[in-house]
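*Asks:* What follows is the file upload-v8.cif, containing mmCIF, C-alpha atoms:
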```cif
data_data
#
loop_
_atom_site.group_PDB
_atom_site.id
_atom_site.type_symbol
_atom_site.label_atom_id
_atom_site.label_comp_id
_atom_site.auth_asym_id
_atom_site.auth_seq_id
_atom_site.Cartn_x
_atom_site.Cartn_y
_atom_site.Cartn_z
ATOM 1 C CA MET A 215 74.031 102.843 102.897
ATOM 2 C CA GLU A 216 72.876 99.279 103.480
ATOM 3 C CA THR A 217 70.432 100.504 106.145
ATOM 4 C CA PHE A 218 69.278 103.257 103.785
ATOM 5 C CA LYS A 219 68.752 100.672 101.021
ATOM 6 C CA GLU A 220 66.624 98.495 103.319
ATOM 7 C CA GLY A 221 64.590 101.495 104.456
ATOM 8 C CA VAL A 222 63.885 102.743 100.938
ATOM 9 C CA GLU A 223 62.981 99.333 99.547
ATOM 10 C CA SER A 224 60.706 98.394 102.450
ATOM 11 C CA GLY A 225 59.198 101.875 102.769
ATOM 12 C CA SER A 226 58.418 102.011 99.055
ATOM 13 C CA GLN A 227 57.007 98.452 99.158
ATOM 14 C CA GLY A 228 59.465 97.407 96.470
ATOM 15 C CA LYS A 229 58.693 100.275 94.079
ATOM 16 C CA ILE A 230 62.267 101.510 94.379
ATOM 17 C CA ASN A 231 65.226 99.189 93.910
ATOM 18 C CA VAL A 232 68.466 100.477 95.428
ATOM 19 C CA GLU A 233 71.887 99.482 94.067
ATOM 20 C CA LEU A 234 75.041 100.364 96.010
ATOM 21 C CA TYR A 235 78.336 101.207 94.306
ATOM 22 C CA PRO A 236 81.114 101.764 96.877
ATOM 23 C CA ALA A 237 84.831 102.360 96.273
ATOM 24 C CA ASN A 238 84.570 104.794 93.345
ATOM 25 C CA GLN A 239 82.777 102.296 91.106
ATOM 26 C CA LEU A 240 80.770 105.163 89.582
ATOM 27 C CA GLY A 241 83.829 107.404 89.240
ATOM 28 C CA GLN A 242 85.823 109.750 91.424
ATOM 29 C CA ILE A 243 83.946 112.085 93.781
ATOM 30 C CA PRO A 244 83.665 115.088 91.408
ATOM 31 C CA ALA A 245 82.136 112.797 88.765
ATOM 32 C CA THR A 246 79.535 111.409 91.191
ATOM 33 C CA VAL A 247 78.615 114.912 92.363
ATOM 34 C CA GLU A 248 78.109 115.934 88.744
ATOM 35 C CA GLY A 249 76.076 112.778 88.168
ATOM 36 C CA VAL A 250 73.674 113.657 90.985
ATOM 37 C CA VAL A 251 73.332 117.230 89.728
ATOM 38 C CA PHE A 252 72.396 115.995 86.253
ATOM 39 C CA GLY A 253 70.307 113.083 87.495
ATOM 40 C CA THR A 254 72.398 110.192 86.134
ATOM 41 C CA ILE A 255 73.149 109.112 89.729
ATOM 42 C CA GLU A 256 70.378 109.211 92.308
ATOM 43 C CA VAL A 257 72.368 109.663 95.545
ATOM 44 C CA THR A 258 76.003 110.212 96.512
ATOM 45 C CA ALA A 259 77.635 110.642 99.934
ATOM 46 C CA PRO A 260 81.092 112.287 99.825
ATOM 47 C CA ALA A 261 82.810 114.836 102.045
ATOM 48 C CA SER A 262 80.727 117.994 102.315
ATOM 49 C CA GLY A 263 83.540 120.157 100.927
ATOM 50 C CA PHE A 264 82.876 118.854 97.423
ATOM 51 C CA PHE A 265 79.495 120.633 97.392
ATOM 52 C CA VAL A 266 80.691 124.112 98.363
ATOM 53 C CA LYS A 267 80.836 125.188 94.713
ATOM 54 C CA LEU A 268 77.171 124.230 94.349
ATOM 55 C CA ASP A 269 76.007 126.049 97.471
ATOM 56 C CA PRO A 270 78.259 128.118 99.757
ATOM 57 C CA ARG A 271 76.213 127.059 102.799
ATOM 58 C CA PHE A 272 77.922 123.653 102.672
ATOM 59 C CA GLU A 273 81.036 125.419 103.919
ATOM 60 C CA VAL A 274 79.613 125.494 107.453
ATOM 61 C CA PHE A 275 80.528 121.807 107.874
ATOM 62 C CA ASP A 276 84.205 122.675 107.364
ATOM 63 C CA VAL A 277 84.517 125.085 110.292
ATOM 64 C CA PRO A 278 86.869 123.710 112.987
ATOM 65 C CA GLY A 279 85.303 124.139 116.404
ATOM 66 C CA LEU A 280 81.750 123.822 115.032
ATOM 67 C CA PHE A 281 81.292 120.709 117.181
ATOM 68 C CA LYS A 282 82.579 120.043 120.694
ATOM 69 C CA SER A 283 83.307 116.369 120.009
ATOM 70 C CA PHE A 284 82.638 113.532 117.588
ATOM 71 C CA GLU A 285 79.537 112.518 119.576
ATOM 72 C CA ASN A 286 78.353 116.119 119.704
ATOM 73 C CA ALA A 287 78.622 116.324 115.898
ATOM 74 C CA GLN A 288 76.386 113.265 115.633
ATOM 75 C CA GLN A 289 73.815 114.850 117.968
ATOM 76 C CA VAL A 290 73.722 118.216 116.199
ATOM 77 C CA LEU A 291 73.484 116.682 112.729
ATOM 78 C CA SER A 292 70.552 114.528 113.897
ATOM 79 C CA ASP A 293 68.659 117.542 115.250
ATOM 80 C CA PRO A 294 65.326 117.864 113.352
ATOM 81 C CA GLN A 295 65.712 121.612 112.811
ATOM 82 C CA ILE A 296 69.231 121.177 111.435
ATOM 83 C CA LEU A 297 68.051 118.331 109.184
ATOM 84 C CA GLU A 298 65.285 120.567 107.842
ATOM 85 C CA ARG A 299 67.717 123.433 107.327
ATOM 86 C CA ILE A 300 70.393 121.479 105.482
ATOM 87 C CA SER A 301 67.770 119.800 103.277
ATOM 88 C CA LYS A 302 67.581 123.117 101.425
ATOM 89 C CA TYR A 303 71.299 123.177 100.658
ATOM 90 C CA GLY A 304 71.837 122.878 96.908
ATOM 91 C CA ASN A 305 68.134 122.966 95.990
ATOM 92 C CA ASP A 306 68.594 125.569 93.265
ATOM 93 C CA LYS A 307 71.415 123.483 91.733
ATOM 94 C CA GLY A 308 69.371 120.328 91.401
ATOM 95 C CA VAL A 309 70.147 118.484 94.650
ATOM 96 C CA THR A 310 68.654 117.918 98.108
ATOM 97 C CA THR A 311 70.709 117.083 101.183
ATOM 98 C CA ILE A 312 69.004 114.115 102.876
ATOM 99 C CA ALA A 313 71.470 113.440 105.722
ATOM 100 C CA ALA A 314 74.826 114.449 107.172
ATOM 101 C CA PHE A 315 77.097 112.725 109.674
ATOM 102 C CA PRO A 316 80.698 112.832 110.938
ATOM 103 C CA HIS A 317 82.803 110.148 109.311
ATOM 104 C CA GLY A 318 85.650 110.586 111.749
ATOM 105 C CA PRO A 319 88.153 113.040 113.225
ATOM 106 C CA LEU A 320 90.165 114.857 110.597
ATOM 107 C CA ALA A 321 93.838 113.966 110.487
ATOM 108 C CA LEU A 322 96.883 114.878 108.457
ATOM 109 C CA LEU A 323 98.886 112.015 107.038
ATOM 110 C CA THR A 324 102.288 113.119 105.786
ATOM 111 C CA LEU A 325 105.408 111.406 104.575
ATOM 112 C CA ASP A 326 107.630 113.220 107.076
ATOM 113 C CA GLY A 327 105.204 113.860 109.950
ATOM 114 C CA VAL A 328 103.643 117.034 111.372
ATOM 115 C CA ARG A 329 104.398 117.518 115.071
ATOM 116 C CA GLN A 330 104.021 121.282 115.159
ATOM 117 C CA VAL A 331 102.369 123.844 112.912
ATOM 118 C CA SER A 332 105.699 124.987 111.460
ATOM 119 C CA ASP A 333 106.210 121.477 110.025
ATOM 120 C CA LEU A 334 103.543 122.289 107.428
ATOM 121 C CA LYS A 335 105.707 124.931 105.777
ATOM 122 C CA GLY A 336 106.300 124.110 102.117
ATOM 123 C CA LYS A 337 104.303 120.865 102.162
ATOM 124 C CA LYS A 338 101.819 120.066 99.393
ATOM 125 C CA ILE A 339 98.693 118.845 101.213
ATOM 126 C CA ARG A 340 95.616 117.316 99.608
ATOM 127 C CA VAL A 341 92.511 118.831 101.220
ATOM 128 C CA ALA A 342 88.955 117.444 101.254
ATOM 129 C CA GLY A 343 87.464 119.665 98.594
ATOM 130 C CA PRO A 344 88.100 123.257 97.498
ATOM 131 C CA SER A 345 86.498 124.906 100.534
ATOM 132 C CA PRO A 346 88.256 128.168 101.504
ATOM 133 C CA LEU A 347 88.196 126.968 105.102
ATOM 134 C CA TYR A 348 90.602 124.210 104.118
ATOM 135 C CA VAL A 349 92.630 126.206 101.636
ATOM 136 C CA ALA A 350 93.107 129.579 103.381
ATOM 137 C CA PRO A 351 94.413 128.337 106.779
ATOM 138 C CA TYR A 352 96.946 126.063 105.105
ATOM 139 C CA LYS A 353 98.185 128.899 102.955
ATOM 140 C CA LYS A 354 98.517 130.979 106.140
ATOM 141 C CA MET A 355 100.583 128.156 107.635
ATOM 142 C CA GLU A 356 102.753 128.320 104.471
ATOM 143 C CA ALA A 357 101.612 124.967 103.102
ATOM 144 C CA ALA A 358 100.368 124.392 99.560
ATOM 145 C CA PRO A 359 96.801 123.001 99.696
ATOM 146 C CA VAL A 360 95.640 120.976 96.696
ATOM 147 C CA SER A 361 92.063 119.855 96.016
ATOM 148 C CA MET A 362 92.327 116.312 94.654
ATOM 149 C CA ALA A 363 90.011 113.316 94.383
ATOM 150 C CA LEU A 364 90.767 110.812 97.138
ATOM 151 C CA GLY A 365 91.401 107.979 94.690
ATOM 152 C CA GLU A 366 94.301 109.910 93.162
ATOM 153 C CA VAL A 367 96.151 110.612 96.407
ATOM 154 C CA LEU A 368 97.871 107.296 97.146
ATOM 155 C CA PRO A 369 99.848 107.172 93.877
ATOM 156 C CA ALA A 370 100.523 110.920 94.206
ATOM 157 C CA MET A 371 102.136 110.334 97.604
ATOM 158 C CA GLN A 372 104.140 107.403 96.260
ATOM 159 C CA THR A 373 105.636 109.693 93.608
ATOM 160 C CA ARG A 374 105.870 112.632 96.071
ATOM 161 C CA THR A 375 103.608 114.709 93.868
ATOM 162 C CA VAL A 376 101.962 115.599 97.179
ATOM 163 C CA ASP A 377 103.485 115.360 100.658
ATOM 164 C CA GLY A 378 100.328 114.344 102.450
ATOM 165 C CA LEU A 379 96.595 114.627 102.737
ATOM 166 C CA LEU A 380 93.771 115.725 104.984
ATOM 167 C CA ALA A 381 91.061 113.090 105.521
ATOM 168 C CA GLY A 382 88.924 111.332 108.099
ATOM 169 C CA VAL A 383 90.802 108.762 110.181
ATOM 170 C CA PRO A 384 88.920 105.687 108.831
ATOM 171 C CA VAL A 385 89.952 106.625 105.281
ATOM 172 C CA TYR A 386 93.575 105.873 106.084
ATOM 173 C CA THR A 387 93.028 102.289 107.163
ATOM 174 C CA THR A 388 90.384 101.505 104.541
ATOM 175 C CA GLY A 389 92.745 102.757 101.832
ATOM 176 C CA LYS A 390 95.807 101.095 103.429
ATOM 177 C CA PHE A 391 97.674 104.389 103.439
ATOM 178 C CA TYR A 392 100.022 102.928 106.054
ATOM 179 C CA ASP A 393 101.847 101.346 103.117
ATOM 180 C CA VAL A 394 103.154 104.774 102.040
ATOM 181 C CA ALA A 395 103.258 106.861 105.245
ATOM 182 C CA LYS A 396 103.161 106.281 109.001
ATOM 183 C CA PRO A 397 102.803 109.621 110.901
ATOM 184 C CA MET A 398 99.133 110.625 111.271
ATOM 185 C CA THR A 399 98.448 113.922 113.072
ATOM 186 C CA ILE A 400 95.007 114.421 114.666
ATOM 187 C CA LEU A 401 93.684 117.920 114.028
ATOM 188 C CA PRO A 402 91.992 119.794 116.892
ATOM 189 C CA GLN A 403 88.199 120.202 116.876
ATOM 190 C CA SER A 404 88.018 119.062 113.256
ATOM 191 C CA TYR A 405 85.811 116.383 111.705
ATOM 192 C CA LEU A 406 85.127 115.107 108.228
ATOM 193 C CA ILE A 407 81.406 115.524 107.587
ATOM 194 C CA VAL A 408 79.755 113.321 104.979
ATOM 195 C CA THR A 409 76.685 114.726 103.240
ATOM 196 C CA ALA A 410 74.259 112.330 101.567
ATOM 197 C CA VAL A 411 72.769 114.249 98.659
ATOM 198 C CA ALA A 412 69.948 113.172 96.341
ATOM 199 C CA SER A 413 69.159 114.257 92.810
ATOM 200 C CA ASN A 414 66.123 116.521 92.532
ATOM 201 C CA ALA A 415 65.449 115.045 89.091
ATOM 202 C CA PHE A 416 65.117 111.644 90.762
ATOM 203 C CA LEU A 417 62.976 112.928 93.643
ATOM 204 C CA ASP A 418 60.685 114.767 91.210
ATOM 205 C CA LYS A 419 60.389 111.702 88.989
ATOM 206 C CA ILE A 420 59.245 109.365 91.778
ATOM 207 C CA GLY A 421 56.729 111.862 93.169
ATOM 208 C CA PRO A 422 56.227 113.401 96.628
ATOM 209 C CA ASP A 423 55.145 110.232 98.446
ATOM 210 C CA LEU A 424 58.131 108.146 97.398
ATOM 211 C CA ALA A 425 60.454 111.144 97.752
ATOM 212 C CA LYS A 426 59.316 111.352 101.375
ATOM 213 C CA VAL A 427 60.167 107.655 101.798
ATOM 214 C CA VAL A 428 63.713 108.334 100.526
ATOM 215 C CA ARG A 429 64.242 111.303 102.834
ATOM 216 C CA GLU A 430 62.820 109.508 105.868
ATOM 217 C CA ALA A 431 64.919 106.394 105.177
ATOM 218 C CA ALA A 432 68.055 108.559 105.181
ATOM 219 C CA VAL A 433 67.175 110.093 108.563
ATOM 220 C CA LYS A 434 66.208 106.724 110.072
ATOM 221 C CA ALA A 435 69.579 105.319 108.967
ATOM 222 C CA LEU A 436 71.488 107.938 110.988
ATOM 223 C CA PRO A 437 71.506 106.096 114.362
ATOM 224 C CA VAL A 438 72.899 102.958 112.700
ATOM 225 C CA THR A 439 75.375 105.036 110.715
ATOM 226 C CA ASN A 440 76.550 106.905 113.799
ATOM 227 C CA GLU A 441 77.018 103.751 115.856
ATOM 228 C CA TRP A 442 78.900 102.115 112.990
ATOM 229 C CA ASN A 443 81.168 105.148 112.659
ATOM 230 C CA ARG A 444 81.964 105.256 116.383
ATOM 231 C CA THR A 445 83.109 101.640 116.186
ATOM 232 C CA ALA A 446 84.910 102.227 112.899
ATOM 233 C CA VAL A 447 86.923 105.152 114.266
ATOM 234 C CA ASN A 448 88.107 103.169 117.287
ATOM 235 C CA LYS A 449 88.952 100.207 115.079
ATOM 236 C CA ALA A 450 90.780 102.459 112.616
ATOM 237 C CA PHE A 451 93.154 103.666 115.319
ATOM 238 C CA GLU A 452 93.851 100.058 116.328
ATOM 239 C CA VAL A 453 94.470 98.920 112.748
ATOM 240 C CA TRP A 454 96.667 101.936 112.068
ATOM 241 C CA LYS A 455 98.930 101.125 115.015
ATOM 242 C CA GLN A 456 98.940 97.398 114.217
ATOM 243 C CA ASN A 457 100.387 98.260 110.798
ATOM 244 C CA GLY A 458 103.186 100.385 112.195
ATOM 245 C CA GLY A 459 101.337 103.680 111.989
ATOM 246 C CA GLU A 460 101.939 106.499 114.449
ATOM 247 C CA VAL A 461 99.183 108.681 115.935
ATOM 248 C CA ILE A 462 100.388 112.192 116.759
ATOM 249 C CA GLU A 463 98.461 114.458 119.142
ATOM 250 C CA LEU A 464 99.586 118.059 118.821
ATOM 251 C CA PRO A 465 100.695 119.700 122.073
ATOM 252 C CA GLN A 466 98.150 122.137 123.484
ATOM 253 C CA LYS A 467 100.188 125.130 122.341
ATOM 254 C CA GLU A 468 100.263 123.811 118.780
ATOM 255 C CA GLN A 469 96.527 123.053 118.846
ATOM 256 C CA VAL A 470 95.910 126.677 119.784
ATOM 257 C CA ALA A 471 98.213 127.806 116.964
ATOM 258 C CA TYR A 472 96.261 125.690 114.478
ATOM 259 C CA ILE A 473 92.876 127.043 115.606
ATOM 260 C CA ASP A 474 94.327 130.569 115.607
ATOM 261 C CA ALA A 475 95.303 130.112 111.957
ATOM 262 C CA VAL A 476 91.707 129.160 111.176
ATOM 263 C CA ASN A 477 90.226 132.018 113.210
ATOM 264 C CA ALA A 478 92.541 134.464 111.498
ATOM 265 C CA VAL A 479 90.954 133.782 108.111
ATOM 266 C CA MET A 480 87.326 133.645 109.341
ATOM 267 C CA PRO A 481 86.596 137.367 108.746
ATOM 268 C CA GLU A 482 87.916 136.945 105.218
ATOM 269 C CA VAL A 483 85.882 133.763 104.714
ATOM 270 C CA THR A 484 82.583 135.177 106.027
ATOM 271 C CA LYS A 485 83.063 138.352 103.996
ATOM 272 C CA ALA A 486 83.578 136.306 100.841
ATOM 273 C CA ASN A 487 80.726 133.979 101.822
ATOM 274 C CA PRO A 488 77.934 135.959 103.552
ATOM 275 C CA ALA A 489 75.743 132.822 103.489
ATOM 276 C CA LEU A 490 78.017 131.234 106.080
ATOM 277 C CA ARG A 491 77.222 133.521 109.018
ATOM 278 C CA PRO A 492 73.508 132.598 109.440
ATOM 279 C CA GLU A 493 74.402 128.912 109.185
ATOM 280 C CA LEU A 494 76.945 129.281 111.981
ATOM 281 C CA GLU A 495 74.283 130.927 114.134
ATOM 282 C CA ALA A 496 71.830 128.106 113.385
ATOM 283 C CA PHE A 497 74.388 125.488 114.398
ATOM 284 C CA LYS A 498 75.153 127.382 117.604
ATOM 285 C CA ALA A 499 71.436 127.329 118.426
ATOM 286 C CA ALA A 500 71.377 123.580 117.763
ATOM 287 C CA GLN A 501 74.248 123.151 120.215
ATOM 288 C CA TRP A 502 72.047 124.688 122.900
ATOM 289 C CA ARG A 503 69.096 122.436 122.007
ATOM 290 C CA VAL A 504 71.007 119.148 122.053
ATOM 291 C CA GLY A 505 72.790 120.181 125.238
ATOM 292 C CA LYS A 506 69.576 120.760 127.216
#
```
Have the structure of the file written as structure tokens, please.

*Replies:*
Amino acid sequence: METFKEGVESGSQGKINVELYPANQLGQIPATVEGVVFGTIEVTAPASGFFVKLDPRFEVFDVPGLFKSFENAQQVLSDPQILERISKYGNDKGVTTIAAFPHGPLALLTLDGVRQVSDLKGKKIRVAGPSPLYVAPYKKMEAAPVSMALGEVLPAMQTRTVDGLLAGVPVYTTGKFYDVAKPMTILPQSYLIVTAVASNAFLDKIGPDLAKVVREAAVKALPVTNEWNRTAVNKAFEVWKQNGGEVIELPQKEQVAYIDAVNAVMPEVTKANPALRPELEAFKAAQWRVGK
């Protein structure tokens, strides 16, 4: 966001002043999403799952196995054709997606630990938004998924209102979640994707030339963002272990069982969300392009 701020201010020759409000200063994620829709906030950058209600195409970011690795996710989401495609997400609901990037591998942090898929049975798990691709597989694994703002989770775990949460690895160290739980389970082929989304009311107000400056500044910030995130993920694992945290890698058999649970609900998900299928095909094509 700091790189984005510099790019917008310099590119607009000072016509746009950017103020940054991290750490929920403008409200919890649902409130900031609403603010961007109504134009009271110019840009927000939460987990993509919080936009699925606005546009079902956002659900593509939630598909496990969409990317081969963390680095591959960065490459695909920097592909010009993908950037052009996702810029249309949410347009008819008053927003424009200006960038997307992986924040980190997705992991489950639970009070009691998840070492095999069966350990999820009966657990109340906070998921990153109401996306069916988060909710349906966990129901299939007999867990109870709950969509909850991130800022509410820590006290909820302390009171055992929820048993754990699903989030990107860096979230756990930034939020000092090691104070309430230690066992963190890395999920296979799963990444938390952040989508930076701008208000159309704002972009319309500043006019096409300055709107182009905003969009270009977001894209130009991606290399810095991606490098920062690579470092942040590695550091997060170190900090987690330094504070007594445990990192659990599921055995191969259990990884397969997890992906199987996701694949089992995909026909149901694509039937309920026909917009998802062409997006999956577009991302597969991008995989071929970045792999050339």

*Asks:* Got a sec to resolve the PyMOL selection byres ((chain A and resi 357-371) around 7) on this structure and send the residues as a ChimeraX atom specification?

*Replies:* /A:242-243,334-344,349,352-353,355-356,372-378,391

*Asks:* May I have the residues within 12 Å of Glu495 (chain A) as a PyMOL selection string, using all atoms listed in the file and disregarding those fewer than 6 positions away in the same chain?

*Replies:* chain A and resi 274+280+296+489+501-502

*Asks:* Could you tell me which residues the PyMOL selection byres ((chain A and resi 283) around 9) grabs in this file, written as a ChimeraX atom specification?

*Replies:* /A:279,281-282,284-288,319,403-405

*Asks:* Counting all atoms listed in the file, write as number ranges by chain all protein and nucleic acid residues lying at most 8 Å from (81.5, 109.4, 105.1) in the file's frame.

*Replies:* A: 259-261, 315-318, 406-409

*Asks:* Taking the file as I've supplied it (selection: the PyMOL selection byres ((chain A and resi 503) around 12)), which residues are included? Please answer as a short mmCIF file (atom, residue, chain, number, x, y, z; two decimals) with C-alpha atoms, keeping the file's coordinate frame.

*Replies:*
```cif
data_model
loop_
_atom_site.label_atom_id
_atom_site.label_comp_id
_atom_site.auth_asym_id
_atom_site.auth_seq_id
_atom_site.Cartn_x
_atom_site.Cartn_y
_atom_site.Cartn_z
CA ASN A 286 78.35 116.12 119.70
CA GLN A 289 73.82 114.85 117.97
CA VAL A 290 73.72 118.22 116.20
CA LEU A 291 73.48 116.68 112.73
CA SER A 292 70.55 114.53 113.90
CA ASP A 293 68.66 117.54 115.25
CA PRO A 294 65.33 117.86 113.35
CA GLN A 295 65.71 121.61 112.81
CA ILE A 296 69.23 121.18 111.44
CA ALA A 496 71.83 128.11 113.38
CA PHE A 497 74.39 125.49 114.40
CA LYS A 498 75.15 127.38 117.60
CA ALA A 499 71.44 127.33 118.43
CA ALA A 500 71.38 123.58 117.76
CA GLN A 501 74.25 123.15 120.22
CA TRP A 502 72.05 124.69 122.90
CA VAL A 504 71.01 119.15 122.05
CA GLY A 505 72.79 120.18 125.24
CA LYS A 506 69.58 120.76 127.22
#
```

*Asks:* Hey, can you pull every residue with an atom no more than 10 Å from (98.4, 94.6, 108.6), using all atoms listed in the file, and send it as a PDB file with C-alpha atoms, in the coordinates of the input?

*Replies:*
```pdb
ATOM      1  CA  THR A 387      93.028 102.289 107.163  1.00  0.00           C
ATOM      2  CA  LYS A 390      95.807 101.095 103.429  1.00  0.00           C
ATOM      3  CA  TYR A 392     100.022 102.928 106.054  1.00  0.00           C
ATOM      4  CA  ASP A 393     101.847 101.346 103.117  1.00  0.00           C
ATOM      5  CA  VAL A 453      94.470  98.920 112.748  1.00  0.00           C
ATOM      6  CA  TRP A 454      96.667 101.936 112.068  1.00  0.00           C
ATOM      7  CA  LYS A 455      98.930 101.125 115.015  1.00  0.00           C
ATOM      8  CA  GLN A 456      98.940  97.398 114.217  1.00  0.00           C
ATOM      9  CA  ASN A 457     100.387  98.260 110.798  1.00  0.00           C
ATOM     10  CA  GLY A 458     103.186 100.385 112.195  1.00  0.00           C
TER      11      GLY A 458
END
```

*Asks:* Between A:Ala314, A:Leu297, A:Val266, A:Val250, which one has atoms that come closest to Thr439 (chain A), using only C-alpha atoms?

*Replies:*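 Among the listed residues, the smallest separation from Thr439 (chain A) belongs to A:Ala314.
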
*Asks:* With all atoms listed in the file as the basis for distance, which of A:Leu436, A:Val247, A:Leu464, A:Ile400 is at the shortest distance from Met215 (chain A)?

*Replies:*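 Looking at the shortest contact to Met215 (chain A), the residue is A:Leu436.
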
*Asks:* As an exercise, work out the distance from CA of Pro351 (chain A) to CA of Met480 (chain A) in Å and give it to one decimal place.

*Replies:* 9.2 Å

*Asks:* Quote the spacing between CA of Lys229 (chain A) and CA of Ile420 (chain A) in Å to one decimal place.

*Replies:*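 Computed distance, CA of Lys229 (chain A) to CA of Ile420 (chain A), equals 9.4 Å.
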
*Asks:* Write out as a list in words each polymer residue whose atoms come within 10 Å of Glu430 (chain A), counting all atoms listed in the file; drop sequence neighbours fewer than 3 positions from it.

*Replies:*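 Skipping anything fewer than 3 positions along the chain leaves Phe218, Gly221, Val222, Gly225, Ile312, Ala313, Leu424, Ala425, Lys426, Val427, Val433, Lys434 and Ala435 of chain A.
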
*Asks:* Using only C-alpha atoms, which protein or nucleic acid residues come within 12 Å of Gly304 (chain A)? Drop anything in the same chain fewer than 6 positions from it, and give the result as a ChimeraX atom specification.

*Replies:* /A:247,250-251,262,264-273,310-312,409-414

*Asks:* Restricted to C-alpha atoms, what would the selected residues look like written as an mmCIF file, in the coordinates of the input?

*Replies:*
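What follows is the written file again31.cif:
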```cif
data_model
loop_
_atom_site.group_PDB
_atom_site.id
_atom_site.type_symbol
_atom_site.label_atom_id
_atom_site.label_comp_id
_atom_site.auth_asym_id
_atom_site.auth_seq_id
_atom_site.Cartn_x
_atom_site.Cartn_y
_atom_site.Cartn_z
ATOM 1 C CA VAL A 247 78.615 114.912 92.363
ATOM 2 C CA VAL A 250 73.674 113.657 90.985
ATOM 3 C CA VAL A 251 73.332 117.230 89.728
ATOM 4 C CA SER A 262 80.727 117.994 102.315
ATOM 5 C CA PHE A 264 82.876 118.854 97.423
ATOM 6 C CA PHE A 265 79.495 120.633 97.392
ATOM 7 C CA VAL A 266 80.691 124.112 98.363
ATOM 8 C CA LYS A 267 80.836 125.188 94.713
ATOM 9 C CA LEU A 268 77.171 124.230 94.349
ATOM 10 C CA ASP A 269 76.007 126.049 97.471
ATOM 11 C CA PRO A 270 78.259 128.118 99.757
ATOM 12 C CA ARG A 271 76.213 127.059 102.799
ATOM 13 C CA PHE A 272 77.922 123.653 102.672
ATOM 14 C CA GLU A 273 81.036 125.419 103.919
ATOM 15 C CA THR A 310 68.654 117.918 98.108
ATOM 16 C CA THR A 311 70.709 117.083 101.183
ATOM 17 C CA ILE A 312 69.004 114.115 102.876
ATOM 18 C CA THR A 409 76.685 114.726 103.240
ATOM 19 C CA ALA A 410 74.259 112.330 101.567
ATOM 20 C CA VAL A 411 72.769 114.249 98.659
ATOM 21 C CA ALA A 412 69.948 113.172 96.341
ATOM 22 C CA SER A 413 69.159 114.257 92.810
ATOM 23 C CA ASN A 414 66.123 116.521 92.532
#
```

*Asks:* A:Arg444, A:Arg299, A:Arg491, A:Arg329: which is nearest Val461 (chain A), counting all atoms listed in the file?

*Replies:*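 Among the listed residues, A:Arg329 lies closest to Val461 (chain A).
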
*Asks:* Grab the CA of Val232 (chain A) to CA of Glu220 (chain A) distance for me, in Å with one decimal place.

*Replies:* 8.3 Å

*Asks:* So that I can see what lies close to Leu323 (chain A), please list as a list in words the residues with an atom at most 9 Å from it, counting all atoms listed in the file and leaving out residues fewer than 3 positions away in the same chain.

*Replies:*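 Skipping anything fewer than 3 positions along the chain leaves Asp326, Gly327, Val328, Ile339, Asp377, Gly378, Leu379, Leu380, Ala381, Tyr386, Phe391, Ala395, Lys396, Pro397, Met398, Thr399 and Ile400 of chain A.
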
*Asks:* What's the 12 Å shell around Ala471 (chain A), counting only C-alpha atoms, without same-chain residues fewer than 3 positions away, as a PyMOL selection string?

*Replies:* chain A and resi 330-332+351+354-355+401-402+464-468+474-478
